[in-house]
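For reference, start.cif is printed below; it contains mmCIF, C-alpha atoms.
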data_coords
loop_
_atom_site.label_atom_id
_atom_site.label_comp_id
_atom_site.auth_asym_id
_atom_site.auth_seq_id
_atom_site.Cartn_x
_atom_site.Cartn_y
_atom_site.Cartn_z
CA MET X 1 30.95 30.91 4.43
CA ALA X 2 28.22 32.05 2.08
CA SER X 3 29.73 30.09 -0.81
CA GLY X 4 29.93 27.00 1.41
CA GLN X 5 26.26 27.33 2.27
CA GLU X 6 25.47 27.73 -1.41
CA ARG X 7 27.32 24.52 -2.24
CA ILE X 8 25.38 22.64 0.45
CA LEU X 9 22.08 23.96 -0.89
CA ARG X 10 23.00 23.00 -4.44
CA ARG X 11 23.75 19.43 -3.33
CA ARG X 12 20.43 19.21 -1.48
CA ILE X 13 18.53 20.49 -4.50
CA ARG X 14 20.21 17.92 -6.77
CA SER X 15 19.39 15.16 -4.27
CA ILE X 16 15.74 16.25 -4.02
CA ASP X 17 15.48 16.47 -7.79
CA ALA X 18 16.76 12.89 -8.14
CA THR X 19 14.31 11.69 -5.49
CA LYS X 20 11.49 13.49 -7.26
CA LYS X 21 12.25 11.62 -10.50
CA ILE X 22 12.10 8.29 -8.66
CA THR X 23 8.81 9.05 -6.91
CA ARG X 24 7.30 10.32 -10.15
CA ALA X 25 8.28 7.10 -11.92
CA MET X 26 6.81 5.00 -9.09
CA GLU X 27 3.61 7.03 -9.26
CA LEU X 28 3.23 6.34 -12.98
CA ILE X 29 3.98 2.63 -12.53
CA ALA X 30 1.40 2.32 -9.74
CA ALA X 31 -1.19 4.18 -11.82
CA SER X 32 -0.69 1.77 -14.73
CA ARG X 33 -0.93 -1.26 -12.44
CA ILE X 34 -4.20 -0.06 -10.92
CA VAL X 35 -5.87 -0.40 -14.31
CA ARG X 36 -4.70 -4.00 -14.65
CA ALA X 37 -5.68 -4.79 -11.07
CA GLN X 38 -9.18 -3.43 -11.64
CA ALA X 39 -9.48 -5.51 -14.80
CA ARG X 40 -8.50 -8.64 -12.85
CA VAL X 41 -11.13 -7.89 -10.20
CA ARG X 42 -13.79 -7.55 -12.90
CA ALA X 43 -12.61 -10.70 -14.67
CA ALA X 44 -12.77 -12.79 -11.49
CA ARG X 45 -16.21 -11.56 -10.48
CA PRO X 46 -18.27 -13.77 -12.89
CA TYR X 47 -16.66 -16.95 -11.54
CA SER X 48 -17.30 -15.92 -7.95
CA ASP X 49 -20.90 -15.01 -8.78
CA LYS X 50 -21.55 -18.32 -10.51
CA VAL X 51 -20.03 -20.37 -7.71
CA THR X 52 -22.18 -18.47 -5.23
CA ALA X 53 -25.26 -19.02 -7.42
CA VAL X 54 -24.65 -22.77 -7.64
CA ILE X 55 -24.18 -23.02 -3.87
CA ALA X 56 -27.40 -21.05 -3.33
CA ASN X 57 -29.27 -23.41 -5.68
CA LEU X 58 -27.80 -26.44 -3.90
CA ALA X 59 -28.82 -25.05 -0.52
CA SER X 60 -32.35 -24.34 -1.77
CA ALA X 61 -32.52 -27.92 -3.13
CA GLY X 62 -31.82 -29.32 0.32
CA GLY X 63 -28.10 -29.90 0.07
CA GLU X 64 -27.19 -29.65 3.73
CA ALA X 65 -23.93 -31.49 3.97
CA ASP X 66 -22.28 -32.10 7.31
CA HIS X 67 -19.16 -30.33 6.13
CA PRO X 68 -16.69 -28.74 8.60
CA LEU X 69 -16.88 -25.44 6.70
CA LEU X 70 -20.62 -25.20 7.51
CA ARG X 71 -20.57 -26.11 11.19
CA GLU X 72 -21.57 -23.25 13.43
CA PRO X 73 -19.54 -23.35 16.66
CA VAL X 74 -21.33 -23.73 19.95
CA GLU X 75 -18.60 -21.80 21.71
CA VAL X 76 -15.68 -19.83 20.25
CA ALA X 77 -12.47 -20.50 22.15
CA LYS X 78 -9.93 -19.77 19.39
CA VAL X 79 -10.11 -17.42 16.39
CA ALA X 80 -7.85 -17.52 13.34
CA TYR X 81 -7.10 -14.33 11.43
CA VAL X 82 -6.11 -14.25 7.77
CA ALA X 83 -4.41 -10.86 7.26
CA LEU X 84 -3.64 -9.70 3.71
CA ALA X 85 -0.91 -7.04 3.49
CA ALA X 86 1.74 -6.04 0.95
CA ASP X 87 5.25 -7.27 0.25
CA ARG X 88 6.59 -3.73 -0.15
CA GLY X 89 6.18 -0.38 1.53
CA LEU X 90 6.00 3.15 0.11
CA CYS X 91 2.20 2.92 -0.04
CA GLY X 92 1.13 5.33 2.67
CA GLY X 93 -0.90 3.84 5.49
CA TYR X 94 -2.08 0.80 3.51
CA ASN X 95 -0.11 -1.83 5.44
CA ASN X 96 -0.35 -0.09 8.79
CA ASN X 97 -4.15 0.18 8.61
CA VAL X 98 -4.64 -3.55 8.00
CA LEU X 99 -2.07 -4.64 10.57
CA ARG X 100 -3.30 -2.33 13.31
CA ALA X 101 -6.92 -3.37 12.71
CA THR X 102 -5.92 -7.03 13.00
CA GLU X 103 -3.90 -6.30 16.13
CA ARG X 104 -6.87 -4.55 17.74
CA ALA X 105 -9.16 -7.49 16.91
CA ILE X 106 -6.66 -9.93 18.45
CA ALA X 107 -6.44 -7.75 21.56
CA ALA X 108 -10.24 -7.75 21.87
CA ASP X 109 -10.36 -11.55 21.56
CA THR X 110 -7.57 -11.96 24.09
CA ALA X 111 -9.39 -9.70 26.52
CA GLY X 112 -12.48 -11.89 26.05
CA GLY X 113 -10.55 -15.04 26.92
CA ARG X 114 -10.19 -16.35 23.37
CA ASP X 115 -6.98 -17.64 21.84
CA TYR X 116 -5.81 -16.77 18.32
CA GLU X 117 -3.86 -18.02 15.32
CA LEU X 118 -2.45 -16.00 12.43
CA VAL X 119 -2.26 -16.75 8.71
CA LEU X 120 -0.35 -13.90 7.10
CA ALA X 121 0.13 -12.87 3.48
CA GLY X 122 2.79 -10.28 2.67
CA ARG X 123 6.30 -9.54 3.96
CA LYS X 124 5.09 -6.49 5.87
CA ALA X 125 2.60 -8.57 7.84
CA LEU X 126 5.20 -11.24 8.58
CA GLY X 127 7.73 -8.65 9.72
CA TYR X 128 5.21 -6.72 11.82
CA PHE X 129 3.73 -9.63 13.77
CA GLY X 130 6.98 -11.60 13.87
CA PHE X 131 8.88 -8.69 15.41
CA ARG X 132 6.20 -8.28 18.09
CA GLY X 133 6.22 -11.93 19.05
CA TYR X 134 2.77 -12.96 17.83
CA ARG X 135 2.07 -16.61 17.17
CA ILE X 136 2.09 -17.19 13.39
CA ALA X 137 0.67 -20.44 12.05
CA SER X 138 1.44 -19.84 8.34
CA GLY X 139 3.03 -17.12 6.26
CA PHE X 140 3.04 -16.40 2.53
CA GLU X 141 4.84 -13.73 0.55
CA GLY X 142 5.98 -12.64 -2.89
CA PHE X 143 2.66 -12.18 -4.71
CA SER X 144 0.88 -9.12 -3.30
CA ASP X 145 1.34 -7.16 -6.56
CA GLN X 146 -0.21 -9.83 -8.79
CA PRO X 147 -1.84 -12.63 -6.80
CA SER X 148 -2.85 -15.80 -8.60
CA TYR X 149 -5.55 -18.34 -7.91
CA ALA X 150 -2.87 -20.81 -6.80
CA ASP X 151 -1.82 -18.33 -4.09
CA ALA X 152 -5.43 -18.14 -2.91
CA GLN X 153 -5.58 -21.94 -2.80
CA GLN X 154 -2.51 -22.12 -0.55
CA ILE X 155 -3.83 -19.52 1.90
CA ALA X 156 -7.32 -21.06 1.90
CA ALA X 157 -5.83 -24.50 2.61
CA ALA X 158 -3.90 -23.13 5.60
CA ALA X 159 -7.01 -21.36 6.94
CA THR X 160 -9.16 -24.47 6.42
CA ALA X 161 -6.62 -26.62 8.28
CA LEU X 162 -6.80 -24.29 11.27
CA PHE X 163 -10.58 -24.24 11.16
CA GLU X 164 -10.79 -28.02 11.11
CA ASN X 165 -8.21 -28.43 13.89
CA GLY X 166 -9.05 -26.25 16.84
CA CYS X 167 -10.18 -22.83 15.56
CA GLN X 168 -13.92 -22.29 15.78
CA ARG X 169 -13.90 -19.19 13.58
CA VAL X 170 -11.72 -17.65 10.86
CA MET X 171 -11.76 -13.92 10.14
CA LEU X 172 -10.45 -12.29 6.97
CA ALA X 173 -8.68 -8.92 7.29
CA TYR X 174 -7.99 -7.05 4.05
CA THR X 175 -8.52 -3.71 2.29
CA GLN X 176 -11.68 -3.45 0.22
CA PHE X 177 -11.36 -1.56 -3.07
CA HIS X 178 -14.32 0.73 -3.74
CA SER X 179 -12.79 3.22 -6.17
CA MET X 180 -9.49 4.90 -7.02
CA GLY X 181 -9.86 7.29 -4.10
CA ASN X 182 -11.77 5.13 -1.65
CA GLN X 183 -10.50 1.97 0.06
CA SER X 184 -11.40 0.72 3.51
CA VAL X 185 -10.10 -1.96 5.87
CA ALA X 186 -12.55 -4.76 6.59
CA ILE X 187 -12.43 -7.70 9.00
CA VAL X 188 -15.18 -10.07 7.86
CA PRO X 189 -16.16 -13.65 8.81
CA PHE X 190 -14.54 -16.20 6.52
CA MET X 191 -15.26 -19.56 8.14
CA PRO X 192 -17.71 -21.09 8.78
CA LEU X 193 -19.11 -20.20 5.38
CA GLU X 194 -22.46 -18.46 5.43
CA VAL X 195 -24.59 -19.76 2.56
CA ASP X 196 -28.00 -19.80 4.24
CA GLY X 197 -28.58 -16.10 3.65
CA VAL X 198 -27.59 -16.20 -0.04
CA SER X 199 -30.40 -16.53 -2.54
CA PRO X 200 -29.93 -17.47 -6.21
CA ASP X 201 -31.21 -14.06 -7.33
CA GLU X 202 -28.76 -12.21 -5.06
CA ALA X 203 -25.96 -14.44 -6.29
CA GLY X 204 -26.52 -13.46 -9.89
CA ALA X 205 -28.39 -16.56 -11.03
CA GLY X 206 -30.92 -14.44 -12.83
CA SER X 207 -32.39 -10.99 -13.26
CA PRO X 208 -35.99 -9.78 -13.44
CA GLY X 209 -35.78 -9.46 -17.22
CA ASP X 210 -34.65 -13.04 -17.72
CA GLY X 211 -38.06 -14.56 -16.99
CA PRO X 212 -38.83 -17.33 -14.51
CA ALA X 213 -35.91 -19.39 -13.29
CA GLY X 214 -35.90 -23.06 -14.22
CA GLY X 215 -35.59 -25.97 -11.85
CA TYR X 216 -32.40 -28.01 -11.46
CA GLU X 217 -31.77 -31.71 -11.23
CA PHE X 218 -28.52 -32.57 -9.49
CA GLU X 219 -26.43 -35.66 -10.10
CA PRO X 220 -25.05 -36.82 -7.70
CA GLU X 221 -27.05 -35.65 -4.69
CA PRO X 222 -26.92 -31.94 -3.77
CA ALA X 223 -25.20 -32.79 -0.50
CA ALA X 224 -22.32 -34.52 -2.29
CA ILE X 225 -21.89 -31.66 -4.76
CA LEU X 226 -22.02 -29.06 -2.00
CA GLU X 227 -19.37 -30.91 -0.02
CA ARG X 228 -16.96 -30.80 -2.96
CA LEU X 229 -17.87 -27.25 -3.98
CA LEU X 230 -17.51 -25.53 -0.60
CA PRO X 231 -13.67 -25.53 -0.66
CA ARG X 232 -13.81 -23.90 -4.12
CA TYR X 233 -16.19 -21.32 -2.74
CA ALA X 234 -13.72 -20.50 0.04
CA GLU X 235 -10.89 -20.20 -2.48
CA ALA X 236 -12.97 -17.93 -4.72
CA ARG X 237 -13.79 -15.63 -1.82
CA LEU X 238 -10.16 -15.45 -0.78
CA TYR X 239 -8.99 -14.86 -4.36
CA SER X 240 -11.45 -11.99 -4.69
CA ALA X 241 -10.09 -10.49 -1.44
CA LEU X 242 -6.51 -10.84 -2.72
CA LEU X 243 -7.38 -9.02 -5.93
CA GLU X 244 -9.12 -6.21 -4.05
CA ALA X 245 -6.15 -5.91 -1.70
CA SER X 246 -3.79 -5.73 -4.66
CA ALA X 247 -5.81 -2.97 -6.32
CA SER X 248 -5.97 -1.09 -3.01
CA GLU X 249 -2.20 -1.40 -2.58
CA HIS X 250 -1.52 0.12 -6.01
CA ALA X 251 -4.01 2.93 -5.39
CA ALA X 252 -2.42 3.72 -2.02
CA ARG X 253 1.08 3.66 -3.54
CA GLN X 254 0.00 5.96 -6.37
CA ARG X 255 -1.39 8.50 -3.90
CA ALA X 256 1.67 8.27 -1.64
CA MET X 257 4.11 8.75 -4.51
CA LYS X 258 2.12 11.67 -5.89
CA ALA X 259 2.23 13.33 -2.47
CA ALA X 260 5.99 12.66 -2.26
CA THR X 261 6.52 14.14 -5.74
CA ASP X 262 4.55 17.27 -4.86
CA ASN X 263 6.41 17.66 -1.56
CA ALA X 264 9.77 17.29 -3.34
CA GLU X 265 8.80 20.02 -5.80
CA ASP X 266 7.74 22.35 -2.96
CA LEU X 267 10.96 21.66 -1.05
CA LYS X 268 13.04 22.28 -4.18
CA ILE X 269 11.33 25.64 -4.72
CA ASN X 270 11.91 26.69 -1.10
CA LEU X 271 15.58 25.65 -1.13
CA THR X 272 16.11 27.48 -4.44
CA ARG X 273 14.74 30.65 -2.88
CA ILE X 274 17.02 30.24 0.15
CA MET X 275 20.01 29.66 -2.13
CA ASN X 276 19.22 32.74 -4.23
CA ARG X 277 18.85 34.79 -1.07
CA ALA X 278 22.23 33.54 0.15
CA ARG X 279 23.80 34.44 -3.21
CA GLN X 280 22.31 37.93 -3.04
CA ASP X 281 23.65 38.39 0.49
CA ALA X 282 27.10 37.28 -0.63
CA ILE X 283 27.04 39.65 -3.60
CA THR X 284 25.87 42.50 -1.37
CA THR X 285 28.72 41.79 1.06
CA GLU X 286 31.29 41.78 -1.72
CA ILE X 287 29.96 45.05 -3.14
CA MET X 288 30.14 46.65 0.28
CA GLU X 289 33.75 45.56 0.56
CA ILE X 290 34.46 47.07 -2.86
CA VAL X 291 32.79 50.32 -1.88
CA GLY X 292 34.83 50.38 1.31
CA GLY X 293 37.96 49.87 -0.75
CA ALA X 294 36.98 52.72 -3.05
CA GLU X 295 36.53 55.03 -0.09
CA ALA X 296 39.91 54.01 1.23
CA LEU X 297 41.34 54.68 -2.24
CA ALA X 298 39.95 58.20 -2.22
CA GLN X 299 41.89 58.90 0.97
CA THR X 300 45.20 57.47 -0.28
CA SER X 301 47.84 58.77 -2.73
CA GLY X 302 50.96 57.69 -4.50
CA ASP X 303 52.07 54.09 -4.84
CA GLU X 304 49.47 52.96 -2.37
CA VAL X 305 46.74 54.17 -4.75
CA ASP X 306 48.05 52.05 -7.59
CA LEU X 307 48.38 48.97 -5.38
CA LEU X 308 44.90 49.35 -3.86
CA SER X 309 43.36 50.06 -7.27
CA ASP X 310 44.85 46.88 -8.72
CA THR X 311 43.57 44.87 -5.75
CA ILE X 312 40.02 46.25 -6.08
CA GLU X 313 39.93 45.62 -9.82
CA ALA X 314 41.11 42.03 -9.35
CA ARG X 315 38.54 41.31 -6.63
CA THR X 316 35.74 42.87 -8.68
CA ALA X 317 36.65 40.77 -11.71
CA ASP X 318 36.82 37.60 -9.61
CA LEU X 319 33.44 38.44 -8.04
CA PHE X 320 31.58 38.84 -11.30
CA ARG X 321 33.25 35.82 -12.86
CA ALA X 322 32.15 33.70 -9.89
CA ARG X 323 28.63 35.08 -9.76
CA GLY X 324 28.00 35.20 -13.51
#
Whole structure, structure tokens version:
Amino acid sequence: MASGQERILRRRIRSIDATKKITRAMELIAASRIVRAQARVRAARPYSDKVTAVIANLASAGGEADHPLLREPVEVAKVAYVALAADRGLCGGYNNNVLRATERAIAADTAGGRDYELVLAGRKALGYFGFRGYRIASGFEGFSDQPSYADAQQIAAAATALFENGCQRVMLAYTQFHSMGNQSVAIVPFMPLEVDGVSPDEAGAGSPGDGPAGGYEFEPEPAAILERLLPRYAEARLYSALLEASASEHAARQRAMKAATDNAEDLKINLTRIMNRARQDAITTEIMEIVGGAEALAQTSGDEVDLLSDTIEARTADLFRARG
């Protein structure tokens, strides 16, 4: 029985060791991808800042176009949610946090008498809301690890179509990336676009050391430029959110895999101790049997002594061969 338990423990230790190698490899891969994801966030920031600066300058020049993306609703009867999740799991609570926050926001809107629509990015979001019977207007998947600007264009087009055809407001739910150890879920307004509160200085158009800002002459009229630029502004905002979500996903996966690796090591150590204890108990039991045989030998004579002696010697040899 003891040897059977030892075999079971050995198999479990080998299985845990193999799992530990996999989680360690996934941890290293996620750590390497975080660096690239952070670089992509930094590389996309200048474009977003410049687009925001141009829109701020157009707004200050009187470019007030009657564009659907700028119309403030009189009454909100339907809200669209753009939820950005991951295509894969094994990243801790990353997906669950975004999906549950979106679900709570939908429940609050429903309680307030407002309808909803969903634009989902990521297989986990599609599976979660699809399984629960939520109404999904559009779904996208296959790019959460490395989103491209074309992916942002597709999602922005779907959100814009909802906003222009029945939804008075669009909210964006994603995970903001602050640092390697700090990410937070945010549900922020996405449409209508808020450009009135953005000044050129806040948008990065200049800094105090650059001297006075020059005036601009726009050709064609600021209203015409703003009308064509607003969709690009929406795409840039969504692309920035996709990049932050991607970096947050890799950071969450790196932490989850590190925790799994550490737990596998602790479990391996505990099982090794249990196995060694079981081996010691088995050895102790065998020695007690040998001692009992020796005592029986001391009370026996003749042919029985020779037979019992041979038996004890054979069992002792087998014991030490088996136990090393």
Explicit residue set for the PyMOL selection byres ((chain X and resi 5-8) around 10), as a list in words: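 That selection, the PyMOL selection byres ((chain X and resi 5-8) around 10), comes back as Met1, Ala2, Ser3, Gly4, Leu9, Arg10, Arg11, Arg12, Ile13, Thr272, Ile274, Met275, Asn276, Arg277, Ala278, Arg279 and Ala282 of chain X.
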Ground truth for the PyMOL selection byres ((chain X and resi 161-174) around 8), written as a PyMOL selection string: chain X and resi 68-69+73+75-85+98+101-102+116-117+157-160+175-176+185-192+241-242+245
d(CA of Ile225 in chain X, CA of Leu58 in chain X) in Å: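 Computing it gives 7.9 Å between the two atoms.
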Residues matched by the PyMOL selection byres ((chain X and resi 127-132) around 12) as an MDAnalysis selection string: chainID X and resid 83 85:89 95:96 98:100 102:103 106 117:126 133:141
Atom pair CA of Leu226 in chain X / CA of Leu238 in chain X: separation (Å): 18.1 Å
One-decimal distance in Å that lies between CA of Pro147 in chain X and CA of His178 in chain X: 18.5 Å
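Residues in contact with Ile16 in chain X at 10 Å, where all atoms listed in the file are counted and same-chain residues fewer than 6 positions away are skipped, are listed as Arg10, Ile22, Thr261, Asn263, Ala264, Glu265, Leu267, Lys268 and Leu271 of chain X.
Proximity ranking of X:Glu289, X:Glu27, X:Glu72, X:Asp266 relative to Cys91 in chain X places X:Glu27 first, based on all atoms listed in the file.
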Residue nearest Lys258 in chain X among X:Arg14, X:Arg114, X:Arg232, X:Arg24 (counting all atoms listed in the file):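 So, comparing all the options, the nearest one is X:Arg24.
Residue nearest Ala251 in chain X within the list X:Ala18, X:Ala150, X:Val35, X:Ala43: X:Val35 [criterion: smallest interatomic distance, only C-alpha atoms].
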For Tyr233 in chain X: contacts at 12 Å, only C-alpha atoms, fewer than 3 positions along chain excluded, given as number ranges by chain: X: 47-56, 69-70, 152-153, 156, 160, 190-195, 225-230, 236-240
Test item: residues at most 12 Å from Ala39 in chain X, all atoms listed in the file, excluding those fewer than 3 positions along its chain, as a count of residues only: 14
